file target_20.txt (compact mmCIF, C-alpha atoms)
# COMPACT_ATOMS: atom_id res chain seq x y z
CA MET A 24 -43.30 27.47 34.71
CA ILE A 25 -43.12 31.02 33.35
CA ASP A 26 -40.25 31.70 30.97
CA GLU A 27 -38.02 34.72 31.38
CA GLU A 28 -39.49 36.58 28.40
CA THR A 29 -43.07 36.21 29.69
CA LEU A 30 -41.94 37.30 33.14
CA ALA A 31 -40.23 40.35 31.62
CA GLN A 32 -43.45 41.23 29.79
CA MET A 33 -45.42 40.83 33.04
CA ASN A 34 -42.97 43.28 34.56
CA GLY A 35 -43.61 45.82 31.85
CA LYS A 36 -41.35 44.96 28.94
CA TYR A 37 -42.99 46.02 25.68
CA VAL A 38 -42.53 43.67 22.78
CA CYS A 39 -42.48 45.51 19.51
CA PRO A 40 -44.72 43.84 16.90
CA PRO A 41 -42.60 41.99 14.33
CA ASP A 42 -44.12 43.99 11.50
CA ALA A 43 -43.46 47.36 13.18
CA GLY A 44 -41.92 49.87 10.80
CA PRO A 45 -39.10 52.36 11.43
CA ALA A 46 -41.39 55.16 12.67
CA TRP A 47 -43.02 52.85 15.22
CA ARG A 48 -39.63 51.67 16.44
CA ALA A 49 -38.32 55.26 16.56
CA ALA A 50 -41.27 56.37 18.70
CA MET A 51 -40.74 53.40 21.00
CA GLU A 52 -37.04 54.13 21.32
CA TYR A 53 -37.82 57.80 21.99
CA GLY A 54 -39.71 56.65 25.07
CA PHE A 55 -43.37 56.53 24.12
CA ASP A 56 -45.34 53.68 25.64
CA MET A 57 -46.45 52.12 22.39
CA SER A 58 -48.63 49.58 24.18
CA LEU A 59 -50.95 52.50 25.02
CA VAL A 60 -51.02 53.51 21.36
CA GLU A 61 -51.81 49.94 20.34
CA ASP A 62 -54.70 49.95 22.82
CA ALA A 63 -55.94 53.32 21.56
CA LEU A 64 -55.89 52.13 17.96
CA GLN A 65 -58.30 49.34 18.90
CA LEU A 66 -60.87 51.97 19.95
CA THR A 67 -63.14 54.18 17.87
CA PRO A 68 -62.22 57.89 17.78
CA GLU A 69 -65.14 58.63 20.10
CA GLN A 70 -63.91 56.04 22.59
CA ARG A 71 -60.42 57.57 22.35
CA LEU A 72 -61.84 60.97 23.22
CA GLU A 73 -63.70 59.50 26.22
CA GLN A 74 -60.54 57.79 27.40
CA HIS A 75 -58.66 61.06 26.99
CA GLN A 76 -61.32 62.85 29.06
CA HIS A 77 -60.80 60.39 31.93
CA ALA A 78 -57.02 60.90 31.75
CA LEU A 79 -57.45 64.65 31.57
CA ASN A 80 -59.75 64.68 34.60
CA LEU A 81 -57.13 62.77 36.55
CA VAL A 82 -54.38 65.17 35.48
CA LEU A 83 -56.49 68.17 36.50
CA GLU A 84 -57.40 66.62 39.86
CA VAL A 85 -53.73 66.00 40.63
CA LYS A 86 -52.87 69.54 39.51
CA GLU A 87 -55.59 71.05 41.70
CA ALA A 88 -54.50 68.95 44.67
CA GLY A 89 -50.93 70.21 44.15
CA GLU A 90 -52.13 73.80 44.05
CA ARG A 91 -54.20 73.30 47.21
CA ASN A 92 -51.20 71.86 49.03
CA ALA A 93 -48.96 74.68 47.83
CA THR A 94 -51.27 77.28 49.38
CA LYS A 95 -51.38 75.58 52.78
CA MET B 6 -62.74 74.65 35.59
CA GLN B 7 -62.78 71.14 34.10
CA GLN B 8 -62.05 70.77 30.42
CA ASN B 9 -64.99 69.04 28.76
CA ASP B 10 -64.27 68.65 25.05
CA LYS B 11 -67.38 66.60 24.32
CA ALA B 12 -69.65 69.26 25.76
CA LEU B 13 -67.86 72.05 23.89
CA LEU B 14 -68.01 70.12 20.61
CA SER B 15 -71.71 69.38 21.14
CA ARG B 16 -72.44 73.07 21.67
CA LEU B 17 -70.51 74.09 18.55
CA LYS B 18 -72.43 71.47 16.60
CA GLU B 19 -75.79 72.62 17.97
CA GLN B 20 -75.04 76.14 16.77
CA LYS B 21 -73.94 74.85 13.34
CA VAL B 22 -70.47 76.37 13.65
CA GLU B 23 -68.27 75.57 10.64
CA PHE B 24 -65.04 74.19 12.06
CA VAL B 25 -62.35 71.53 11.85
CA ILE B 26 -60.86 69.92 14.96
CA ILE B 27 -57.09 70.47 15.02
CA GLY B 28 -54.35 70.27 17.66
CA GLY B 29 -54.01 67.80 20.48
CA VAL B 30 -57.62 66.60 20.50
CA CYS B 31 -57.24 65.82 16.80
CA GLY B 32 -54.16 63.75 17.70
CA VAL B 33 -56.15 61.92 20.37
CA LEU B 34 -58.89 61.15 17.84
CA HIS B 35 -56.24 59.66 15.56
CA GLY B 36 -55.00 57.47 18.42
CA ALA B 37 -52.17 59.43 20.06
CA SER B 38 -51.70 58.62 23.74
CA LEU B 39 -51.26 62.24 24.77
CA VAL B 40 -53.14 64.44 27.20
CA THR B 41 -54.03 67.91 26.01
CA LEU B 42 -55.52 70.68 28.11
CA ASP B 43 -57.47 72.60 25.49
CA LEU B 44 -59.70 72.23 22.46
CA ASP B 45 -58.31 73.79 19.28
CA ILE B 46 -60.46 74.35 16.24
CA CYS B 47 -59.90 76.09 12.92
CA CYS B 48 -62.98 77.90 11.72
CA ARG B 49 -64.28 80.25 9.11
CA PHE B 50 -63.77 83.76 10.47
CA ASN B 51 -66.81 85.44 9.00
CA ARG B 52 -69.37 87.33 11.01
CA LYS B 53 -71.99 84.57 10.88
CA ASN B 54 -69.67 81.83 12.06
CA LEU B 55 -68.14 83.94 14.82
CA ARG B 56 -71.62 84.83 16.07
CA GLN B 57 -72.47 81.13 16.12
CA ILE B 58 -69.37 80.45 18.21
CA GLU B 59 -70.44 83.23 20.56
CA ALA B 60 -73.92 81.69 20.81
CA ALA B 61 -72.41 78.28 21.56
CA VAL B 62 -70.54 79.54 24.62
CA LYS B 63 -72.55 82.62 25.66
CA ASP B 64 -73.80 81.12 28.94
CA LEU B 65 -70.36 79.72 29.83
CA HIS B 66 -68.80 83.05 30.89
CA PRO B 67 -66.47 83.15 27.89
CA ARG B 68 -63.43 85.38 28.28
CA HIS B 69 -60.50 86.22 26.04
CA ARG B 70 -57.98 84.26 28.08
CA LEU B 71 -54.87 86.00 26.73
CA THR B 72 -56.04 89.56 27.45
CA ALA B 73 -54.66 91.17 30.59
CA ASN B 74 -58.07 91.69 32.17
CA LYS B 75 -59.64 88.51 30.76
CA LEU B 76 -62.11 90.55 28.77
CA PRO B 77 -65.52 88.95 28.21
CA LEU B 78 -66.40 87.73 24.72
CA GLU B 79 -68.65 90.46 23.35
CA LEU B 80 -68.50 90.44 19.58
CA THR B 81 -69.38 93.41 17.46
CA ASP B 82 -69.42 93.56 13.66
CA GLU B 83 -66.27 95.65 13.77
CA LEU B 84 -64.50 93.19 16.06
CA CYS B 85 -65.58 90.26 13.88
CA GLY B 86 -63.77 91.91 11.00
CA SER B 87 -60.58 92.39 12.99
CA LEU B 88 -60.14 89.10 14.80
CA LYS B 89 -57.85 86.39 13.43
CA ASN B 90 -58.00 84.11 16.44
CA ILE B 91 -60.15 83.80 19.55
CA TYR B 92 -58.59 82.27 22.66
CA LEU B 93 -61.29 81.59 25.22
CA ASN B 94 -61.67 80.41 28.77
CA THR B 95 -65.17 79.06 29.40
CA ASP B 96 -66.94 77.17 32.15
CA LEU B 97 -66.36 74.04 30.07
CA GLY B 98 -62.67 74.70 29.55
CA VAL B 99 -60.36 76.29 27.03
CA LEU B 100 -61.54 76.76 23.46
CA ASP B 101 -59.06 78.19 20.96
CA CYS B 102 -60.49 79.20 17.59
CA LEU B 103 -57.98 79.85 14.82
CA SER B 104 -58.51 81.26 11.34
CA GLU B 105 -55.47 79.47 9.96
CA VAL B 106 -53.09 76.68 10.84
CA ALA B 107 -49.31 76.84 10.52
CA GLY B 108 -48.06 74.51 7.82
CA ILE B 109 -51.52 74.18 6.25
CA GLY B 110 -53.07 77.59 5.60
CA ASP B 111 -56.46 79.18 6.00
CA TYR B 112 -59.78 77.54 6.81
CA GLU B 113 -60.48 76.49 3.22
CA GLN B 114 -57.12 74.74 3.02
CA VAL B 115 -57.64 73.14 6.42
CA LEU B 116 -61.10 71.98 5.32
CA GLN B 117 -59.64 70.38 2.19
CA ARG B 118 -57.22 68.42 4.32
CA SER B 119 -59.80 67.19 6.80
CA ILE B 120 -61.85 64.03 7.09
CA SER B 121 -65.33 63.56 8.45
CA HIS B 122 -66.14 61.30 11.35
CA GLY B 123 -69.46 60.57 12.99
CA MET B 124 -69.72 60.43 16.75
CA SER B 125 -72.82 59.81 18.82
CA TYR B 126 -73.28 63.56 19.24
CA GLY B 127 -72.68 64.60 15.66
CA GLU B 128 -70.55 64.51 12.55
CA PHE B 129 -67.25 66.33 12.92
CA ARG B 130 -64.44 67.26 10.61
CA ILE B 131 -60.95 66.41 11.79
CA LEU B 132 -57.61 67.36 10.26
CA ASN B 133 -56.26 64.31 8.45
CA LEU B 134 -53.18 62.64 9.84
CA ASP B 135 -50.77 63.91 7.17
CA ALA B 136 -51.96 67.46 7.68
CA LEU B 137 -51.77 67.17 11.48
CA ILE B 138 -48.17 65.99 11.16
CA ALA B 139 -47.41 68.91 8.82
CA ALA B 140 -49.05 71.39 11.23
CA LYS B 141 -47.23 70.15 14.30
CA SER B 142 -43.93 70.04 12.41
CA ALA B 143 -44.45 73.65 11.32
CA VAL B 144 -45.08 74.85 14.87
CA GLY B 145 -41.84 73.20 15.89
CA ARG B 146 -42.08 73.41 19.68
CA GLN B 147 -40.50 70.44 21.44
CA LYS B 148 -43.87 69.10 22.58
CA ASP B 149 -45.16 69.29 19.00
CA LEU B 150 -42.08 67.56 17.61
CA ASP B 151 -42.52 64.85 20.24
CA ALA B 152 -46.11 64.42 19.10
CA VAL B 153 -44.93 64.21 15.48
CA LYS B 154 -42.82 61.17 16.36
CA LEU B 155 -45.91 59.46 17.75
CA LEU B 156 -48.18 60.55 14.90
CA ARG B 157 -45.72 59.26 12.31
CA ALA B 158 -45.72 55.88 14.04
CA ILE B 159 -49.53 55.85 14.00
CA LYS B 160 -49.58 56.83 10.34
CA GLU B 161 -47.16 54.08 9.49
CA ARG B 162 -49.32 51.53 11.31
CA LYS B 163 -52.52 52.76 9.68
CA ASP B 164 -50.91 52.74 6.24
CA GLN B 165 -49.86 49.14 6.84
CA GLN B 166 -53.40 48.25 7.83
CA LYS B 167 -55.04 50.59 5.29
CA GLU B 168 -57.12 52.23 8.01
CA LEU B 169 -58.50 55.74 7.93
CA PHE B 170 -58.88 55.94 11.71

call {"tool": "encode", "arguments": {"input": "target_20.txt", "output": "structure tokens"}}
result
Amino acid sequence: MIDEETLAQMNGKYVCPPDAGPAWRAAMEYGFDMSLVEDALQLTPEQRLEQHQHALNLVLEVKEAGERNATK
Amino acid sequence: MQQNDKALLSRLKEQKVEFVIIGGVCGVLHGASLVTLDLDICCRFNRKNLRQIEAAVKDLHPRHRLTANKLPLELTDELCGSLKNIYLNTDLGVLDCLSEVAGIGDYEQVLQRSISHGMSYGEFRILNLDALIAAKSAVGRQKDLDAVKLLRAIKERKDQQKELF
């Protein structure tokens, strides 16, 4: 049986770490997905840059597709 | 044109350009979950260093991206003495080279507030987190102030865990 809290987390609810400070909570409340930041902080800087490159490629592909569609 | 920061950084390294990574890529290296469309560096604006930048991108069709006619990068000694920034479009993406950073100062001051980090393709200097926060706060655009919120959270977490990166 899955409890409500676990189900909420499965559905995307971010649980702020208990030791999170005011800046972390402020960023979370501002709307940043802090789970992504937590993941990034587990990586080396080089891995972060590689991950960023993948995200950037996706953004540029979507942008180019949008521009192609706009010219049709 | 696909932005390829790794390839641009590798080329700058191969040509022994003196530079510090600043801007959005610096934020990414510190752990910010942001996507940035260019590579910003602060570099020494002397003739030798500018020529090394030119050599790093010479076969990438570099053009001054903010000029009306997208003028090609063709440095002369006279131009080297006049330029304060170089904003380039290249075949590997956008490369912005700045002689100073708002909130920090000139290259020497930026260098003092940078840290070194080794990657598989070289050792690079990166603006430290405090300085990056100061720089983005000084620029003051909404997107920079948003980034500051995230960077402050990362700094807080790293301070708690006594981590440099």

call {"tool": "atom_distance", "arguments": {"input": "target_20.txt", "atom1": "CA of Thr94 (chain A)", "atom2": "CA of Leu97 (chain B)"}}
result
24.7 Å

call {"tool": "closest_residue", "arguments": {"input": "target_20.txt", "among": "B:Arg52, B:Arg16, B:His35, B:Lys154", "to": "Ile120 (chain B)", "atoms": "all atoms listed in the file"}}
result
B:His35

call {"tool": "residues_near_point", "arguments": {"input": "target_20.txt", "point": "(-68.9, 55.6, 17.4)", "cutoff": "9 Å", "atoms": "only C-alpha atoms", "output": "PDB file with C-alpha atoms, keeping the file's coordinate frame"}}
result
ATOM      1  CA  THR A  67     -63.140  54.180  17.870  1.00  0.00           C
ATOM      2  CA  PRO A  68     -62.220  57.890  17.780  1.00  0.00           C
ATOM      3  CA  GLU A  69     -65.140  58.630  20.100  1.00  0.00           C
ATOM      4  CA  GLN A  70     -63.910  56.040  22.590  1.00  0.00           C
TER       5      GLN A  70
ATOM      6  CA  HIS B 122     -66.140  61.300  11.350  1.00  0.00           C
ATOM      7  CA  GLY B 123     -69.460  60.570  12.990  1.00  0.00           C
ATOM      8  CA  MET B 124     -69.720  60.430  16.750  1.00  0.00           C
ATOM      9  CA  SER B 125     -72.820  59.810  18.820  1.00  0.00           C
TER      10      SER B 125
END

call {"tool": "closest_residue", "arguments": {"input": "target_20.txt", "among": "B:His66, B:Arg49, B:Ala139, B:Leu13", "to": "Leu78 (chain B)", "atoms": "all atoms listed in the file"}}
result
B:His66

call {"tool": "interface_residues", "arguments": {"input": "target_20.txt", "of": "chain B", "to": "chain A", "cutoff": "9 Å", "atoms": "all atoms listed in the file", "output": "PDB file with C-alpha atoms, keeping the file's coordinate frame"}}
result
ATOM      1  CA  GLN B   7     -62.780  71.140  34.100  1.00  0.00           C
ATOM      2  CA  GLN B   8     -62.050  70.770  30.420  1.00  0.00           C
ATOM      3  CA  ASN B   9     -64.990  69.040  28.760  1.00  0.00           C
ATOM      4  CA  ASP B  10     -64.270  68.650  25.050  1.00  0.00           C
ATOM      5  CA  LYS B  11     -67.380  66.600  24.320  1.00  0.00           C
ATOM      6  CA  VAL B  30     -57.620  66.600  20.500  1.00  0.00           C
ATOM      7  CA  VAL B  33     -56.150  61.920  20.370  1.00  0.00           C
ATOM      8  CA  LEU B  34     -58.890  61.150  17.840  1.00  0.00           C
ATOM      9  CA  HIS B  35     -56.240  59.660  15.560  1.00  0.00           C
ATOM     10  CA  GLY B  36     -55.000  57.470  18.420  1.00  0.00           C
ATOM     11  CA  ALA B  37     -52.170  59.430  20.060  1.00  0.00           C
ATOM     12  CA  SER B  38     -51.700  58.620  23.740  1.00  0.00           C
ATOM     13  CA  LEU B  39     -51.260  62.240  24.770  1.00  0.00           C
ATOM     14  CA  VAL B  40     -53.140  64.440  27.200  1.00  0.00           C
ATOM     15  CA  THR B  41     -54.030  67.910  26.010  1.00  0.00           C
ATOM     16  CA  LEU B  42     -55.520  70.680  28.110  1.00  0.00           C
ATOM     17  CA  HIS B 122     -66.140  61.300  11.350  1.00  0.00           C
ATOM     18  CA  GLY B 123     -69.460  60.570  12.990  1.00  0.00           C
ATOM     19  CA  MET B 124     -69.720  60.430  16.750  1.00  0.00           C
ATOM     20  CA  SER B 125     -72.820  59.810  18.820  1.00  0.00           C
ATOM     21  CA  ASP B 151     -42.520  64.850  20.240  1.00  0.00           C
ATOM     22  CA  LYS B 154     -42.820  61.170  16.360  1.00  0.00           C
ATOM     23  CA  LEU B 155     -45.910  59.460  17.750  1.00  0.00           C
ATOM     24  CA  LEU B 156     -48.180  60.550  14.900  1.00  0.00           C
ATOM     25  CA  ARG B 157     -45.720  59.260  12.310  1.00  0.00           C
ATOM     26  CA  ALA B 158     -45.720  55.880  14.040  1.00  0.00           C
ATOM     27  CA  ILE B 159     -49.530  55.850  14.000  1.00  0.00           C
ATOM     28  CA  LYS B 160     -49.580  56.830  10.340  1.00  0.00           C
ATOM     29  CA  GLU B 161     -47.160  54.080   9.490  1.00  0.00           C
ATOM     30  CA  ARG B 162     -49.320  51.530  11.310  1.00  0.00           C
ATOM     31  CA  LYS B 163     -52.520  52.760   9.680  1.00  0.00           C
ATOM     32  CA  GLN B 165     -49.860  49.140   6.840  1.00  0.00           C
ATOM     33  CA  PHE B 170     -58.880  55.940  11.710  1.00  0.00           C
TER      34      PHE B 170
END

call {"tool": "atom_distance", "arguments": {"input": "target_20.txt", "atom1": "CA of Lys86 (chain A)", "atom2": "CA of Val106 (chain B)"}}
result
29.5 Å

call {"tool": "atom_distance", "arguments": {"input": "target_20.txt", "atom1": "CA of Asp101 (chain B)", "atom2": "CA of Arg91 (chain A)"}}
result
27.1 Å

call {"tool": "closest_residue", "arguments": {"input": "target_20.txt", "among": "B:Ala61, B:Val99, B:Val144, B:Leu55", "to": "Asp82 (chain B)", "atoms": "only C-alpha atoms"}}
result
B:Leu55

call {"tool": "residues_near_point", "arguments": {"input": "target_20.txt", "point": "(-64.0, 78.8, 6.6)", "cutoff": "7 Å", "atoms": "all atoms listed in the file", "output": "short mmCIF file (atom, residue, chain, number, x, y, z; two decimals) with C-alpha atoms, keeping the file's coordinate frame"}}
result
data_model
loop_
_atom_site.label_atom_id
_atom_site.label_comp_id
_atom_site.auth_asym_id
_atom_site.auth_seq_id
_atom_site.Cartn_x
_atom_site.Cartn_y
_atom_site.Cartn_z
CA GLU B 23 -68.27 75.57 10.64
CA CYS B 48 -62.98 77.90 11.72
CA ARG B 49 -64.28 80.25 9.11
CA PHE B 50 -63.77 83.76 10.47
CA TYR B 112 -59.78 77.54 6.81
CA GLU B 113 -60.48 76.49 3.22
#

call {"tool": "closest_residue", "arguments": {"input": "target_20.txt", "among": "B:Asp135, B:Glu83, B:Glu128, B:Asp43", "to": "Leu17 (chain B)", "atoms": "all atoms listed in the file"}}
result
B:Glu128

call {"tool": "residues_around", "arguments": {"input": "target_20.txt", "residues": "Glu105 (chain B)", "least_positions_apart": "2", "cutoff": "12 Å", "atoms": "only C-alpha atoms", "output": "list in words"}}
result
Phe24, Val25, Ile27, Asp45, Ile46, Cys47, Cys48, Arg49, Phe50, Leu88, Lys89, Asn90, Ile91, Asp101, Cys102, Leu103, Ala107, Gly108, Ile109, Gly110, Asp111, Tyr112, Glu113, Gln114, Val115, Leu116 and Ala140 of chain B
